[in-house]
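Below is the file my_file-v4.pdb, which contains PDB, C-alpha atoms, pLDDT in the B column.
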ATOM      1  CA  MET Z   1     112.204 126.334 166.302  1.00 95.00           C
ATOM      2  CA  ILE Z   2     113.020 126.729 162.618  1.00 97.00           C
ATOM      3  CA  SER Z   3     111.744 128.381 159.466  1.00 97.00           C
ATOM      4  CA  ALA Z   4     109.570 125.869 157.627  1.00 97.00           C
ATOM      5  CA  PRO Z   5     111.369 124.439 154.590  1.00 96.00           C
ATOM      6  CA  ALA Z   6     109.617 124.411 151.208  1.00 96.00           C
ATOM      7  CA  ALA Z   7     108.293 120.820 151.329  1.00 94.00           C
ATOM      8  CA  ALA Z   8     106.887 121.246 154.844  1.00 97.00           C
ATOM      9  CA  SER Z   9     105.431 124.651 153.938  1.00 96.00           C
ATOM     10  CA  ARG Z  10     103.527 123.157 151.008  1.00 96.00           C
ATOM     11  CA  ALA Z  11     102.069 120.406 153.215  1.00 96.00           C
ATOM     12  CA  LEU Z  12     101.261 122.893 156.004  1.00 97.00           C
ATOM     13  CA  GLU Z  13      99.696 125.287 153.487  1.00 96.00           C
ATOM     14  CA  VAL Z  14     101.848 128.243 154.643  1.00 97.00           C
ATOM     15  CA  GLU Z  15     104.565 130.433 153.144  1.00 97.00           C
ATOM     16  CA  THR Z  16     108.096 129.005 153.051  1.00 96.00           C
ATOM     17  CA  GLY Z  17     109.965 130.294 156.093  1.00 95.00           C
ATOM     18  CA  THR Z  18     106.937 130.408 158.401  1.00 97.00           C
ATOM     19  CA  PRO Z  19     108.105 129.762 161.989  1.00 98.00           C
ATOM     20  CA  CYS Z  20     107.446 126.216 163.187  1.00 98.00           C
ATOM     21  CA  LEU Z  21     108.714 123.644 165.655  1.00 98.00           C
ATOM     22  CA  ARG Z  22     110.652 120.701 164.241  1.00 98.00           C
ATOM     23  CA  VAL Z  23     110.594 117.546 166.334  1.00 96.00           C
ATOM     24  CA  ASP Z  24     112.846 114.644 165.320  1.00 94.00           C
ATOM     25  CA  TYR Z  25     112.532 111.298 167.044  1.00 91.00           C
ATOM     26  CA  ALA Z  26     113.135 107.583 166.608  1.00 87.00           C
ATOM     27  CA  ALA Z  27     110.637 104.931 167.596  1.00 82.00           C
ATOM     28  CA  GLY Z  28     111.727 101.485 168.572  1.00 74.00           C
ATOM     29  CA  THR Z  29     111.841  98.736 171.115  1.00 70.00           C
ATOM     30  CA  ILE Z  30     113.148  98.500 174.662  1.00 68.00           C
ATOM     31  CA  SER Z  31     116.023  96.375 173.354  1.00 72.00           C
ATOM     32  CA  GLY Z  32     117.216  99.321 171.266  1.00 75.00           C
ATOM     33  CA  ASP Z  33     115.989  98.299 167.810  1.00 78.00           C
ATOM     34  CA  VAL Z  34     114.950 101.377 165.850  1.00 82.00           C
ATOM     35  CA  ASP Z  35     111.825 100.750 163.790  1.00 84.00           C
ATOM     36  CA  ALA Z  36     111.178 104.255 162.448  1.00 87.00           C
ATOM     37  CA  ALA Z  37     112.738 107.709 162.271  1.00 91.00           C
ATOM     38  CA  ALA Z  38     110.354 110.671 162.088  1.00 94.00           C
ATOM     39  CA  THR Z  39     110.375 114.433 161.685  1.00 96.00           C
ATOM     40  CA  ASN Z  40     107.338 116.555 162.525  1.00 97.00           C
ATOM     41  CA  TYR Z  41     106.863 120.211 161.610  1.00 98.00           C
ATOM     42  CA  VAL Z  42     104.309 121.892 163.870  1.00 98.00           C
ATOM     43  CA  LEU Z  43     102.844 125.372 163.442  1.00 98.00           C
ATOM     44  CA  PHE Z  44     102.076 127.804 166.238  1.00 97.00           C
ATOM     45  CA  PRO Z  45     100.104 128.041 168.502  1.00 97.00           C
ATOM     46  CA  GLU Z  46     100.150 124.221 168.830  1.00 97.00           C
ATOM     47  CA  ALA Z  47     103.951 124.235 168.705  1.00 97.00           C
ATOM     48  CA  GLN Z  48     104.158 126.400 171.838  1.00 97.00           C
ATOM     49  CA  ARG Z  49     102.145 123.851 173.792  1.00 96.00           C
ATOM     50  CA  LEU Z  50     104.527 121.088 172.700  1.00 97.00           C
ATOM     51  CA  ILE Z  51     107.632 123.066 173.687  1.00 95.00           C
ATOM     52  CA  ASP Z  52     106.426 123.093 177.289  1.00 88.00           C
ATOM     53  CA  THR Z  53     105.399 119.383 177.350  1.00 95.00           C
ATOM     54  CA  PRO Z  54     107.647 116.308 177.718  1.00 94.00           C
ATOM     55  CA  PHE Z  55     107.536 113.774 174.862  1.00 92.00           C
ATOM     56  CA  VAL Z  56     107.232 110.451 176.687  1.00 88.00           C
ATOM     57  CA  VAL Z  57     105.187 107.758 174.914  1.00 83.00           C
ATOM     58  CA  ASP Z  58     104.150 108.416 171.312  1.00 88.00           C
ATOM     59  CA  TRP Z  59     103.205 111.326 169.057  1.00 92.00           C
ATOM     60  CA  TYR Z  60      99.476 111.173 169.813  1.00 91.00           C
ATOM     61  CA  ALA Z  61     100.015 110.946 173.578  1.00 92.00           C
ATOM     62  CA  TYR Z  62     102.385 113.915 173.242  1.00 95.00           C
ATOM     63  CA  LEU Z  63      99.751 115.999 171.454  1.00 96.00           C
ATOM     64  CA  SER Z  64      97.082 114.957 173.941  1.00 94.00           C
ATOM     65  CA  SER Z  65      99.204 115.709 177.012  1.00 95.00           C
ATOM     66  CA  ALA Z  66      99.909 119.174 175.566  1.00 96.00           C
ATOM     67  CA  GLY Z  67      96.177 119.779 175.164  1.00 96.00           C
ATOM     68  CA  VAL Z  68      96.338 119.800 171.368  1.00 96.00           C
ATOM     69  CA  LYS Z  69      93.077 118.593 169.814  1.00 94.00           C
ATOM     70  CA  ILE Z  70      93.009 116.736 166.512  1.00 94.00           C
ATOM     71  CA  GLY Z  71      90.206 117.342 164.049  1.00 94.00           C
ATOM     72  CA  GLY Z  72      91.455 114.857 161.451  1.00 92.00           C
ATOM     73  CA  SER Z  73      94.473 113.622 159.548  1.00 93.00           C
ATOM     74  CA  ASP Z  74      95.618 112.429 156.150  1.00 92.00           C
ATOM     75  CA  PHE Z  75      98.146 109.607 155.860  1.00 89.00           C
ATOM     76  CA  THR Z  76     100.131 108.432 152.836  1.00 92.00           C
ATOM     77  CA  VAL Z  77     102.282 105.307 152.835  1.00 92.00           C
ATOM     78  CA  SER Z  78     104.648 104.465 149.992  1.00 94.00           C
ATOM     79  CA  ALA Z  79     107.838 102.507 149.393  1.00 94.00           C
ATOM     80  CA  VAL Z  80     111.347 103.959 149.006  1.00 95.00           C
ATOM     81  CA  LEU Z  81     114.907 102.668 149.185  1.00 96.00           C
ATOM     82  CA  SER Z  82     117.178 103.407 152.129  1.00 95.00           C
ATOM     83  CA  ASP Z  83     120.028 105.847 151.678  1.00 95.00           C
ATOM     84  CA  GLU Z  84     123.256 105.735 153.701  1.00 96.00           C
ATOM     85  CA  THR Z  85     121.932 107.918 156.546  1.00 93.00           C
ATOM     86  CA  LEU Z  86     118.635 106.059 156.952  1.00 92.00           C
ATOM     87  CA  ALA Z  87     120.398 102.695 156.737  1.00 93.00           C
ATOM     88  CA  SER Z  88     122.627 103.772 159.618  1.00 92.00           C
ATOM     89  CA  VAL Z  89     119.748 105.032 161.792  1.00 90.00           C
ATOM     90  CA  LEU Z  90     117.444 102.090 161.086  1.00 91.00           C
ATOM     91  CA  ARG Z  91     120.247  99.505 161.227  1.00 89.00           C
ATOM     92  CA  THR Z  92     119.658  98.122 157.768  1.00 92.00           C
ATOM     93  CA  THR Z  93     121.575  98.151 154.495  1.00 94.00           C
ATOM     94  CA  GLU Z  94     121.759 100.943 151.956  1.00 96.00           C
ATOM     95  CA  GLY Z  95     119.201 100.244 149.230  1.00 96.00           C
ATOM     96  CA  ALA Z  96     116.957  98.216 151.554  1.00 95.00           C
ATOM     97  CA  PRO Z  97     113.214  98.815 151.086  1.00 95.00           C
ATOM     98  CA  LEU Z  98     111.598 101.191 153.571  1.00 95.00           C
ATOM     99  CA  LEU Z  99     108.137 102.563 154.116  1.00 93.00           C
ATOM    100  CA  LEU Z 100     107.796 106.301 153.653  1.00 94.00           C
ATOM    101  CA  LEU Z 101     104.975 107.658 155.796  1.00 93.00           C
ATOM    102  CA  GLU Z 102     103.693 111.203 155.350  1.00 95.00           C
ATOM    103  CA  GLN Z 103     100.951 112.702 157.465  1.00 96.00           C
ATOM    104  CA  THR Z 104      99.159 115.973 157.923  1.00 97.00           C
ATOM    105  CA  ILE Z 105      97.128 116.612 161.059  1.00 97.00           C
ATOM    106  CA  ARG Z 106      94.338 119.202 161.164  1.00 96.00           C
ATOM    107  CA  ASP Z 107      92.858 121.120 164.063  1.00 96.00           C
ATOM    108  CA  MET Z 108      89.141 121.148 164.822  1.00 94.00           C
ATOM    109  CA  SER Z 109      88.564 123.927 162.251  1.00 95.00           C
ATOM    110  CA  GLY Z 110      90.325 121.969 159.467  1.00 95.00           C
ATOM    111  CA  ARG Z 111      93.580 123.989 159.485  1.00 97.00           C
ATOM    112  CA  VAL Z 112      96.706 121.864 158.918  1.00 97.00           C
ATOM    113  CA  PHE Z 113      99.060 122.389 161.870  1.00 98.00           C
ATOM    114  CA  ASN Z 114     101.347 119.330 161.672  1.00 98.00           C
ATOM    115  CA  TYR Z 115     103.273 117.707 158.832  1.00 98.00           C
ATOM    116  CA  ALA Z 116     105.187 114.526 159.539  1.00 97.00           C
ATOM    117  CA  ILE Z 117     107.521 112.459 157.437  1.00 96.00           C
ATOM    118  CA  ALA Z 118     108.833 109.128 158.672  1.00 94.00           C
ATOM    119  CA  HIS Z 119     110.874 106.264 157.313  1.00 94.00           C
ATOM    120  CA  ALA Z 120     110.248 102.814 158.748  1.00 92.00           C
ATOM    121  CA  ARG Z 121     111.524  99.299 158.326  1.00 89.00           C
ATOM    122  CA  PRO Z 122     108.656  97.285 156.834  1.00 88.00           C
ATOM    123  CA  ASP Z 123     109.806  94.158 158.669  1.00 84.00           C
ATOM    124  CA  ARG Z 124     109.272  95.892 162.035  1.00 78.00           C
ATOM    125  CA  LEU Z 125     106.267  98.128 161.552  1.00 70.00           C
ATOM    126  CA  ARG Z 126     102.539  97.682 161.622  1.00 71.00           C
ATOM    127  CA  VAL Z 127     100.517 100.756 160.731  1.00 67.00           C
ATOM    128  CA  VAL Z 128      97.280 101.245 162.651  1.00 72.00           C
ATOM    129  CA  SER Z 129      95.477 104.464 161.847  1.00 68.00           C
ATOM    130  CA  HIS Z 130      92.457 105.772 163.702  1.00 67.00           C
ATOM    131  CA  SER Z 131      91.064 109.230 163.191  1.00 65.00           C
ATOM    132  CA  ALA Z 132      87.787 110.496 164.569  1.00 65.00           C
ATOM    133  CA  ARG Z 133      86.827 114.121 164.831  1.00 64.00           C
ATOM    134  CA  GLY Z 134      86.380 115.148 168.440  1.00 59.00           C
ATOM    135  CA  ALA Z 135      87.348 111.778 169.909  1.00 51.00           C
ATOM    136  CA  ALA Z 136      88.358 112.238 173.540  1.00 49.00           C
ATOM    137  CA  THR Z 137      90.595 109.177 173.713  1.00 51.00           C
ATOM    138  CA  PHE Z 138      91.852 106.307 171.612  1.00 47.00           C
ATOM    139  CA  ASP Z 139      91.063 102.845 172.959  1.00 48.00           C
ATOM    140  CA  ARG Z 140      94.326 100.973 172.421  1.00 48.00           C
ATOM    141  CA  THR Z 141      92.721  97.732 173.616  1.00 49.00           C
ATOM    142  CA  ALA Z 142      90.810  97.654 170.298  1.00 49.00           C
ATOM    143  CA  VAL Z 143      94.060  97.418 168.299  1.00 46.00           C
ATOM    144  CA  PRO Z 144      94.970  93.809 167.424  1.00 48.00           C
ATOM    145  CA  GLU Z 145      98.355  92.523 168.569  1.00 50.00           C
ATOM    146  CA  ARG Z 146     101.055  91.730 166.014  1.00 47.00           C
ATOM    147  CA  GLY Z 147     100.177  88.582 164.132  1.00 46.00           C
ATOM    148  CA  GLU Z 148      96.449  88.829 164.907  1.00 46.00           C
ATOM    149  CA  ARG Z 149      94.057  89.504 162.058  1.00 42.00           C
ATOM    150  CA  PRO Z 150      91.792  92.486 162.575  1.00 43.00           C
ATOM    151  CA  ASN Z 151      88.054  92.015 162.276  1.00 39.00           C
ATOM    152  CA  ARG Z 152      86.967  92.257 158.674  1.00 36.00           C
ATOM    153  CA  ILE Z 153      83.712  93.632 157.369  1.00 38.00           C
ATOM    154  CA  GLN Z 154      81.760  90.790 155.750  1.00 33.00           C
TER     155      GLN Z 154
END
As structure tokens - that is how I would like this structure written.
Amino acid sequence: MISAPAAASRALEVETGTPCLRVDYAAGTISGDVDAAATNYVLFPEAQRLIDTPFVVDWYAYLSSAGVKIGGSDFTVSAVLSDETLASVLRTTEGAPLLLLEQTIRDMSGRVFNYAIAHARPDRLRVVSHSARGAATFDRTAVPERGERPNRIQ
């Protein structure tokens, strides 16, 4: 648990210093390649549910297993250059292009409770975003495999 820093506070729409849970994690492959490094700032009461729940698969499974319901989210993807720290974590070179992903997640009433910032290697990441208010589950079988083209609206 930490006091929310200024950038996270702005995204979470709370005062700087508001108590929150910070969760840092890396996502990658079984072989040990790290594709993305992420930091999430989560407000209470959702944060308390996460503290008592193991993080096993992915962020959305983590929220779901903690009983945290998602009302919606906003996602921004942009390009940045890797600094020394990110290059080390993501096993790339300093100055290499990275994707910067920022997300806010809202509860069922529309209150922002989660702000995430992640850096990812564009050569190892495919972004699939699905957000539906009140959806009970996400059907992962509907997500195309790498290299497949998703269905396009004609």
Spatial neighbours of Asp83 in chain Z, max dist 7 Å, all atoms listed in the file, sep filter under 3 positions, as a PyMOL selection string: chain Z and resi 86-87+94-95
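The set of residues that the PyMOL selection byres ((chain Z and resi 38-55) around 6) takes from this file is Cys20, Leu21, Arg22, Val23, Asp24, Tyr25, Ala37, Val56, Tyr62, Ala66, Phe113, Asn114, Tyr115, Ala116, Ile117 and Ala118 of chain Z.
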Quick check on the file I pasted: which residues fall under the PyMOL selection byres ((chain Z and resi 123) around 10)? Write them as a PDB file with C-alpha atoms, in the coordinates of the input.
ATOM      1  CA  ASP Z  35     111.825 100.750 163.790  1.00 84.00           C
ATOM      2  CA  PRO Z  97     113.214  98.815 151.086  1.00 95.00           C
ATOM      3  CA  LEU Z  98     111.598 101.191 153.571  1.00 95.00           C
ATOM      4  CA  LEU Z  99     108.137 102.563 154.116  1.00 93.00           C
ATOM      5  CA  ALA Z 120     110.248 102.814 158.748  1.00 92.00           C
ATOM      6  CA  ARG Z 121     111.524  99.299 158.326  1.00 89.00           C
ATOM      7  CA  PRO Z 122     108.656  97.285 156.834  1.00 88.00           C
ATOM      8  CA  ARG Z 124     109.272  95.892 162.035  1.00 78.00           C
ATOM      9  CA  LEU Z 125     106.267  98.128 161.552  1.00 70.00           C
ATOM     10  CA  ARG Z 126     102.539  97.682 161.622  1.00 71.00           C
TER      11      ARG Z 126
END
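Closest to Gly110 in chain Z among Z:Ala96, Z:Leu90, Z:Ser73, Z:Ala26 is Z:Ser73, based on only C-alpha atoms.
You can rank Z:Ala6, Z:Asp107, Z:Leu12, Z:Gly17 by their closest distance to Gly67 in chain Z using only C-alpha atoms, and at the top of that list sits Z:Asp107.
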Evaluate the PyMOL selection byres ((chain Z and resi 71) around 6) and report residues as a PDB file with C-alpha atoms, in the coordinates of the input:
ATOM      1  CA  ILE Z  70      93.009 116.736 166.512  1.00 94.00           C
ATOM      2  CA  GLY Z  72      91.455 114.857 161.451  1.00 92.00           C
ATOM      3  CA  ARG Z 106      94.338 119.202 161.164  1.00 96.00           C
ATOM      4  CA  ASP Z 107      92.858 121.120 164.063  1.00 96.00           C
ATOM      5  CA  MET Z 108      89.141 121.148 164.822  1.00 94.00           C
ATOM      6  CA  ARG Z 133      86.827 114.121 164.831  1.00 64.00           C
TER       7      ARG Z 133
END
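Using all atoms listed in the file, the nearest neighbour of Ser9 in chain Z within the list Z:Val112, Z:Ile105, Z:Val80, Z:Ala27 is Z:Val112.
Residues with any atom within 7 Å of Val77 in chain Z, counting all atoms listed in the file and excluding same-chain neighbours fewer than 3 positions away, are Z:Leu99, Z:Leu100, Z:Leu101, Z:Glu102.
Here CA of Arg111 in chain Z and CA of Ala4 in chain Z stand 16.2 Å from one another.
With CA of Ser31 in chain Z on one side and CA of Asp58 in chain Z on the other, the separation reads 17.0 Å.
A straight line drawn from CA of Lys69 in chain Z to CA of Ser3 in chain Z is 23.5 Å long.
In this comparison, which uses only C-alpha atoms, the residue of Z:Ala8, Z:Asp74, Z:Thr85, Z:Gly28 approaching Val57 in chain Z most closely is Z:Gly28.
When all atoms listed in the file are used to measure the gap to Trp59 in chain Z, the shortest distance among Z:Met1, Z:Gln103, Z:Ala7, Z:Ser109 belongs to Z:Gln103.
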Because the input lacks atoms here, generate N, CA and C atoms for range 53-75 of chain Z and report them as a PDB file, in the coordinates of the input.
ATOM      1  N   THR Z  53     105.902 120.699 176.962  1.00 95.00           N
ATOM      2  CA  THR Z  53     105.399 119.383 177.350  1.00 95.00           C
ATOM      3  C   THR Z  53     106.433 118.311 177.053  1.00 95.00           C
ATOM      4  N   PRO Z  54     106.703 117.409 177.997  1.00 94.00           N
ATOM      5  CA  PRO Z  54     107.647 116.308 177.718  1.00 94.00           C
ATOM      6  C   PRO Z  54     107.065 115.303 176.722  1.00 94.00           C
ATOM      7  N   PHE Z  55     107.911 114.823 175.814  1.00 92.00           N
ATOM      8  CA  PHE Z  55     107.536 113.774 174.862  1.00 92.00           C
ATOM      9  C   PHE Z  55     107.935 112.453 175.506  1.00 92.00           C
ATOM     10  N   VAL Z  56     106.938 111.652 175.910  1.00 88.00           N
ATOM     11  CA  VAL Z  56     107.232 110.451 176.687  1.00 88.00           C
ATOM     12  C   VAL Z  56     106.873 109.155 175.958  1.00 88.00           C
ATOM     13  N   VAL Z  57     105.663 109.050 175.418  1.00 83.00           N
ATOM     14  CA  VAL Z  57     105.187 107.758 174.914  1.00 83.00           C
ATOM     15  C   VAL Z  57     105.173 107.694 173.392  1.00 83.00           C
ATOM     16  N   ASP Z  58     104.266 108.399 172.767  1.00 88.00           N
ATOM     17  CA  ASP Z  58     104.150 108.416 171.312  1.00 88.00           C
ATOM     18  C   ASP Z  58     103.609 109.778 170.885  1.00 88.00           C
ATOM     19  N   TRP Z  59     103.574 110.011 169.576  1.00 92.00           N
ATOM     20  CA  TRP Z  59     103.205 111.326 169.057  1.00 92.00           C
ATOM     21  C   TRP Z  59     101.810 111.744 169.514  1.00 92.00           C
ATOM     22  N   TYR Z  60     100.852 110.815 169.468  1.00 91.00           N
ATOM     23  CA  TYR Z  60      99.476 111.173 169.813  1.00 91.00           C
ATOM     24  C   TYR Z  60      99.327 111.430 171.309  1.00 91.00           C
ATOM     25  N   ALA Z  61     100.027 110.680 172.129  1.00 92.00           N
ATOM     26  CA  ALA Z  61     100.015 110.946 173.578  1.00 92.00           C
ATOM     27  C   ALA Z  61     100.657 112.302 173.853  1.00 92.00           C
ATOM     28  N   TYR Z  62     101.705 112.624 173.111  1.00 95.00           N
ATOM     29  CA  TYR Z  62     102.385 113.915 173.242  1.00 95.00           C
ATOM     30  C   TYR Z  62     101.421 115.060 172.937  1.00 95.00           C
ATOM     31  N   LEU Z  63     100.723 114.965 171.804  1.00 96.00           N
ATOM     32  CA  LEU Z  63      99.751 115.999 171.454  1.00 96.00           C
ATOM     33  C   LEU Z  63      98.664 116.106 172.520  1.00 96.00           C
ATOM     34  N   SER Z  64      98.151 114.970 172.943  1.00 94.00           N
ATOM     35  CA  SER Z  64      97.082 114.957 173.941  1.00 94.00           C
ATOM     36  C   SER Z  64      97.533 115.559 175.261  1.00 94.00           C
ATOM     37  N   SER Z  65      98.729 115.186 175.726  1.00 95.00           N
ATOM     38  CA  SER Z  65      99.204 115.709 177.012  1.00 95.00           C
ATOM     39  C   SER Z  65      99.485 117.206 176.947  1.00 95.00           C
ATOM     40  N   ALA Z  66      99.706 117.734 175.738  1.00 96.00           N
ATOM     41  CA  ALA Z  66      99.909 119.174 175.566  1.00 96.00           C
ATOM     42  C   ALA Z  66      98.584 119.906 175.386  1.00 96.00           C
ATOM     43  N   GLY Z  67      97.483 119.161 175.338  1.00 96.00           N
ATOM     44  CA  GLY Z  67      96.177 119.779 175.164  1.00 96.00           C
ATOM     45  C   GLY Z  67      95.853 120.139 173.726  1.00 96.00           C
ATOM     46  N   VAL Z  68      96.564 119.536 172.782  1.00 96.00           N
ATOM     47  CA  VAL Z  68      96.338 119.800 171.368  1.00 96.00           C
ATOM     48  C   VAL Z  68      95.254 118.843 170.869  1.00 96.00           C
ATOM     49  N   LYS Z  69      94.189 119.403 170.317  1.00 94.00           N
ATOM     50  CA  LYS Z  69      93.077 118.593 169.814  1.00 94.00           C
ATOM     51  C   LYS Z  69      93.233 118.352 168.316  1.00 94.00           C
ATOM     52  N   ILE Z  70      92.903 117.143 167.910  1.00 94.00           N
ATOM     53  CA  ILE Z  70      93.009 116.736 166.512  1.00 94.00           C
ATOM     54  C   ILE Z  70      91.619 116.689 165.897  1.00 94.00           C
ATOM     55  N   GLY Z  71      91.468 117.378 164.774  1.00 94.00           N
ATOM     56  CA  GLY Z  71      90.206 117.342 164.049  1.00 94.00           C
ATOM     57  C   GLY Z  71      90.195 116.281 162.968  1.00 94.00           C
ATOM     58  N   GLY Z  72      91.348 115.887 162.479  1.00 92.00           N
ATOM     59  CA  GLY Z  72      91.455 114.857 161.451  1.00 92.00           C
ATOM     60  C   GLY Z  72      92.870 114.775 160.928  1.00 92.00           C
ATOM     61  N   SER Z  73      93.133 113.760 160.119  1.00 93.00           N
ATOM     62  CA  SER Z  73      94.473 113.622 159.548  1.00 93.00           C
ATOM     63  C   SER Z  73      94.409 112.913 158.205  1.00 93.00           C
ATOM     64  N   ASP Z  74      95.441 113.108 157.428  1.00 92.00           N
ATOM     65  CA  ASP Z  74      95.618 112.429 156.150  1.00 92.00           C
ATOM     66  C   ASP Z  74      96.950 111.698 156.218  1.00 92.00           C
ATOM     67  N   PHE Z  75      96.966 110.455 155.749  1.00 89.00           N
ATOM     68  CA  PHE Z  75      98.146 109.607 155.860  1.00 89.00           C
ATOM     69  C   PHE Z  75      98.436 108.989 154.499  1.00 89.00           C
TER      70      PHE Z  75
END
